[in-house]
Amino acid sequence: MIALGSDHGGFGLKQHIIGYLEANSIPYKDFGCDNTDSCDYPDFGAAAARAVASGACEKGIVICTTGIGISIAANKVKGIRCALCSEPLSAEMTRRHNDANMLAMGGGLIGPNLAERIVEVFLNTPFEGGRHQRRVNKISALED
């Protein structure tokens, strides 16, 4: 299950990603927003992040105009490692090395085809563990 969240600036790209997830039979839960009316990205980024942190969703995808604000909001939730990615290599490496459990993208910066590829790589790249687990543990220890 993938948690989704966006503000008005990411709504269009989120809708496109919903179509991609549905076409690939990937279950998701949409935590809003529901239209392009001005709204506050922390509300929706935090809701999606809480679903991932609780285990209700395996991973999350959050989108605002740049991806910056919503990634910062998601990362305030304990247990979340949200990476802002604008190309597939970053999505691959954040999964391999950081075990990122959330992806942030900028709806005003990347197009739908590139976003689909980023999502595909993020959802299908495994965490390598090993020496990277030690580093992820150190990141988690910073949360207390």
# chains A, B, ... in the order shown; residues from 1 in each chain; ligands from 1
>>> select_by_dssp(residues="chain A", states="alpha helix (DSSP H)", output="number ranges by chain")
A: 11-23, 41-54, 68-75, 88-98, 112-124, 131-141
>>> residues_around(residues="Gly10 in chain A", least_positions_apart="6", cutoff="6 Å", atoms="only C-alpha atoms", output="PDB file with N, CA and C atoms, in the first residue's frame")
ATOM      1  N   ILE A  63       3.836  15.167  -3.035  1.00  0.00           N
ATOM      2  CA  ILE A  63       4.126  16.087  -4.132  1.00  0.00           C
ATOM      3  C   ILE A  63       3.598  17.474  -3.792  1.00  0.00           C
ATOM      4  N   CYS A  64       4.462  18.467  -3.911  1.00  0.00           N
ATOM      5  CA  CYS A  64       4.028  19.866  -3.892  1.00  0.00           C
ATOM      6  C   CYS A  64       4.664  20.527  -5.115  1.00  0.00           C
ATOM      7  N   THR A  65       4.642  21.820  -5.216  1.00  0.00           N
ATOM      8  CA  THR A  65       5.163  22.473  -6.422  1.00  0.00           C
ATOM      9  C   THR A  65       6.636  22.159  -6.647  1.00  0.00           C
ATOM     10  N   GLY A 107       5.815  18.866  -8.462  1.00  0.00           N
ATOM     11  CA  GLY A 107       4.854  18.867  -9.554  1.00  0.00           C
ATOM     12  C   GLY A 107       5.047  20.005 -10.538  1.00  0.00           C
TER      13      GLY A 107
END
>>> closest_residue(among="A:Val121, A:Leu4, A:Cys57, A:Ala104", to="Pro88 in chain A", atoms="only C-alpha atoms")
A:Val121
>>> residues_around(residues="Gly45 in chain A", least_positions_apart="6", cutoff="10 Å", atoms="only C-alpha atoms", output="list of chain:residue names")
A:Ala3, A:Leu4, A:Gly5, A:Ser6, A:Asp7, A:Phe31, A:Gly32, A:Cys33, A:Gly60, A:Ile61, A:Val62, A:Ile63, A:Cys64, A:Gly69, A:Ile70, A:Ser71, A:Ile72, A:Ala73, A:Ala74, A:Asn75, A:Lys76, A:Val77, A:Ala104
>>> select_by_dssp(residues="chain A", states="strand (DSSP E or B)", output="PyMOL selection string")
chain A and resi 2-6+28-30+59-64+82-84+102-106
>>> write_last_selection(atoms="C-alpha atoms", output="compact mmCIF listing (two decimals), in the first residue's frame")
# COMPACT_ATOMS: atom_id res chain seq x y z
CA ILE A 2 1.36 3.39 -1.05
CA ALA A 3 0.41 6.55 0.87
CA LEU A 4 -0.12 9.59 -1.35
CA GLY A 5 -0.29 13.24 -0.42
CA SER A 6 -0.09 16.55 -2.23
CA TYR A 28 -2.68 3.20 -2.64
CA LYS A 29 -4.42 5.46 -0.18
CA ASP A 30 -4.81 9.14 -1.04
CA LYS A 59 5.90 3.52 1.27
CA GLY A 60 4.71 7.01 0.48
CA ILE A 61 4.79 9.53 -2.34
CA VAL A 62 4.24 13.22 -1.65
CA ILE A 63 4.13 16.09 -4.13
CA CYS A 64 4.03 19.87 -3.89
CA CYS A 82 11.64 11.09 2.70
CA ALA A 83 13.88 11.83 -0.27
CA LEU A 84 13.22 14.59 -2.80
CA MET A 102 8.94 8.10 1.13
CA LEU A 103 9.50 9.86 -2.17
CA ALA A 104 8.88 13.56 -2.72
CA MET A 105 8.62 15.17 -6.15
CA GLY A 106 8.00 18.66 -7.48
>>> closest_residue(among="A:Met1, A:Ile139, A:Ala91, A:Ile80", to="Asn124 in chain A", atoms="only C-alpha atoms")
A:Ala91
>>> closest_atom_pairs(of="range 48-140 of chain A", to="range 18-22 of chain A", cutoff="12 Å", atoms="only C-alpha atoms", output="CSV")
residue,atom,partner,partner_atom,distance
A:Ile61,CA,A:Ile18,CA,10.4
A:Val62,CA,A:Ile18,CA,11.8
A:Pro112,CA,A:Tyr20,CA,9.6
A:Asn113,CA,A:Tyr20,CA,10.0
A:Leu114,CA,A:Tyr20,CA,11.9
A:Ala115,CA,A:Tyr20,CA,9.8
A:Glu116,CA,A:Tyr20,CA,7.0
A:Arg117,CA,A:Tyr20,CA,10.1
A:Ile118,CA,A:Tyr20,CA,11.7
A:Val119,CA,A:Tyr20,CA,9.1
A:Glu120,CA,A:Tyr20,CA,9.3
A:Leu123,CA,A:Leu21,CA,10.6
>>> write_last_selection(atoms="all heavy atoms", output="mmCIF file, in the first residue's frame")
data_model
loop_
_atom_site.group_PDB
_atom_site.id
_atom_site.type_symbol
_atom_site.label_atom_id
_atom_site.label_comp_id
_atom_site.auth_asym_id
_atom_site.auth_seq_id
_atom_site.Cartn_x
_atom_site.Cartn_y
_atom_site.Cartn_z
ATOM 1 N N ILE A 61 4.412 8.587 -1.284
ATOM 2 C CA ILE A 61 4.791 9.528 -2.339
ATOM 3 C C ILE A 61 4.065 10.832 -2.051
ATOM 4 O O ILE A 61 2.836 10.846 -1.921
ATOM 5 C CB ILE A 61 4.399 9.010 -3.736
ATOM 6 C CG1 ILE A 61 5.085 7.672 -4.035
ATOM 7 C CG2 ILE A 61 4.744 10.057 -4.806
ATOM 8 C CD1 ILE A 61 4.548 6.972 -5.275
ATOM 9 N N VAL A 62 4.820 11.911 -1.921
ATOM 10 C CA VAL A 62 4.239 13.224 -1.648
ATOM 11 C C VAL A 62 4.730 14.224 -2.690
ATOM 12 O O VAL A 62 5.868 14.153 -3.147
ATOM 13 C CB VAL A 62 4.557 13.700 -0.209
ATOM 14 C CG1 VAL A 62 3.793 12.846 0.805
ATOM 15 C CG2 VAL A 62 6.040 13.667 0.096
ATOM 16 N N PRO A 112 5.065 14.305 -16.284
ATOM 17 C CA PRO A 112 4.467 13.020 -15.921
ATOM 18 C C PRO A 112 5.283 11.795 -16.341
ATOM 19 O O PRO A 112 5.338 10.817 -15.595
ATOM 20 C CB PRO A 112 3.104 13.042 -16.609
ATOM 21 C CG PRO A 112 3.165 14.127 -17.611
ATOM 22 C CD PRO A 112 4.198 15.095 -17.154
ATOM 23 N N ASN A 113 5.916 11.820 -17.497
ATOM 24 C CA ASN A 113 6.693 10.652 -17.928
ATOM 25 C C ASN A 113 7.899 10.428 -17.028
ATOM 26 O O ASN A 113 8.184 9.297 -16.622
ATOM 27 C CB ASN A 113 7.142 10.790 -19.382
ATOM 28 C CG ASN A 113 5.982 10.704 -20.345
ATOM 29 O OD1 ASN A 113 4.934 10.154 -20.033
ATOM 30 N ND2 ASN A 113 6.160 11.273 -21.531
ATOM 31 N N LEU A 114 8.605 11.496 -16.705
ATOM 32 C CA LEU A 114 9.752 11.378 -15.810
ATOM 33 C C LEU A 114 9.290 10.962 -14.415
ATOM 34 O O LEU A 114 9.915 10.103 -13.775
ATOM 35 C CB LEU A 114 10.524 12.697 -15.754
ATOM 36 C CG LEU A 114 11.772 12.720 -14.868
ATOM 37 C CD1 LEU A 114 12.766 11.634 -15.273
ATOM 38 C CD2 LEU A 114 12.423 14.098 -14.927
ATOM 39 N N ALA A 115 8.191 11.516 -13.956
ATOM 40 C CA ALA A 115 7.664 11.149 -12.637
ATOM 41 C C ALA A 115 7.324 9.663 -12.579
ATOM 42 O O ALA A 115 7.619 8.992 -11.578
ATOM 43 C CB ALA A 115 6.433 11.995 -12.308
ATOM 44 N N GLU A 116 6.725 9.137 -13.622
ATOM 45 C CA GLU A 116 6.422 7.699 -13.658
ATOM 46 C C GLU A 116 7.690 6.865 -13.511
ATOM 47 O O GLU A 116 7.714 5.886 -12.771
ATOM 48 C CB GLU A 116 5.741 7.315 -14.966
ATOM 49 C CG GLU A 116 4.305 7.675 -15.055
ATOM 50 C CD GLU A 116 3.662 7.192 -16.335
ATOM 51 O OE1 GLU A 116 4.187 6.257 -16.987
ATOM 52 O OE2 GLU A 116 2.604 7.757 -16.700
ATOM 53 N N ARG A 117 8.741 7.236 -14.207
ATOM 54 C CA ARG A 117 9.994 6.484 -14.130
ATOM 55 C C ARG A 117 10.604 6.585 -12.732
ATOM 56 O O ARG A 117 11.102 5.595 -12.187
ATOM 57 C CB ARG A 117 10.983 6.995 -15.189
ATOM 58 C CG ARG A 117 12.291 6.278 -15.192
ATOM 59 C CD ARG A 117 12.149 4.832 -15.653
ATOM 60 N NE ARG A 117 13.456 4.196 -15.604
ATOM 61 C CZ ARG A 117 13.687 2.996 -15.084
ATOM 62 N NH1 ARG A 117 12.699 2.269 -14.614
ATOM 63 N NH2 ARG A 117 14.902 2.521 -15.051
ATOM 64 N N ILE A 118 10.568 7.769 -12.139
ATOM 65 C CA ILE A 118 11.081 7.946 -10.776
ATOM 66 C C ILE A 118 10.309 7.051 -9.808
ATOM 67 O O ILE A 118 10.904 6.361 -8.973
ATOM 68 C CB ILE A 118 11.006 9.428 -10.357
ATOM 69 C CG1 ILE A 118 11.981 10.268 -11.187
ATOM 70 C CG2 ILE A 118 11.290 9.588 -8.868
ATOM 71 C CD1 ILE A 118 11.754 11.768 -11.068
ATOM 72 N N VAL A 119 8.991 7.050 -9.914
ATOM 73 C CA VAL A 119 8.152 6.218 -9.047
ATOM 74 C C VAL A 119 8.468 4.744 -9.267
ATOM 75 O O VAL A 119 8.620 3.979 -8.305
ATOM 76 C CB VAL A 119 6.656 6.516 -9.274
ATOM 77 C CG1 VAL A 119 5.774 5.465 -8.614
ATOM 78 C CG2 VAL A 119 6.312 7.912 -8.762
ATOM 79 N N GLU A 120 8.571 4.331 -10.504
ATOM 80 C CA GLU A 120 8.875 2.930 -10.813
ATOM 81 C C GLU A 120 10.189 2.493 -10.162
ATOM 82 O O GLU A 120 10.265 1.450 -9.508
ATOM 83 C CB GLU A 120 8.962 2.732 -12.323
ATOM 84 C CG GLU A 120 9.357 1.329 -12.730
ATOM 85 C CD GLU A 120 9.557 1.187 -14.232
ATOM 86 O OE1 GLU A 120 9.871 2.198 -14.903
ATOM 87 O OE2 GLU A 120 9.420 0.055 -14.711
ATOM 88 N N LEU A 123 9.859 2.441 -6.229
ATOM 89 C CA LEU A 123 9.068 1.333 -5.695
ATOM 90 C C LEU A 123 9.718 -0.031 -5.903
ATOM 91 O O LEU A 123 9.410 -0.974 -5.176
ATOM 92 C CB LEU A 123 7.661 1.340 -6.307
ATOM 93 C CG LEU A 123 6.793 2.543 -5.966
ATOM 94 C CD1 LEU A 123 5.434 2.419 -6.645
ATOM 95 C CD2 LEU A 123 6.638 2.716 -4.455
#
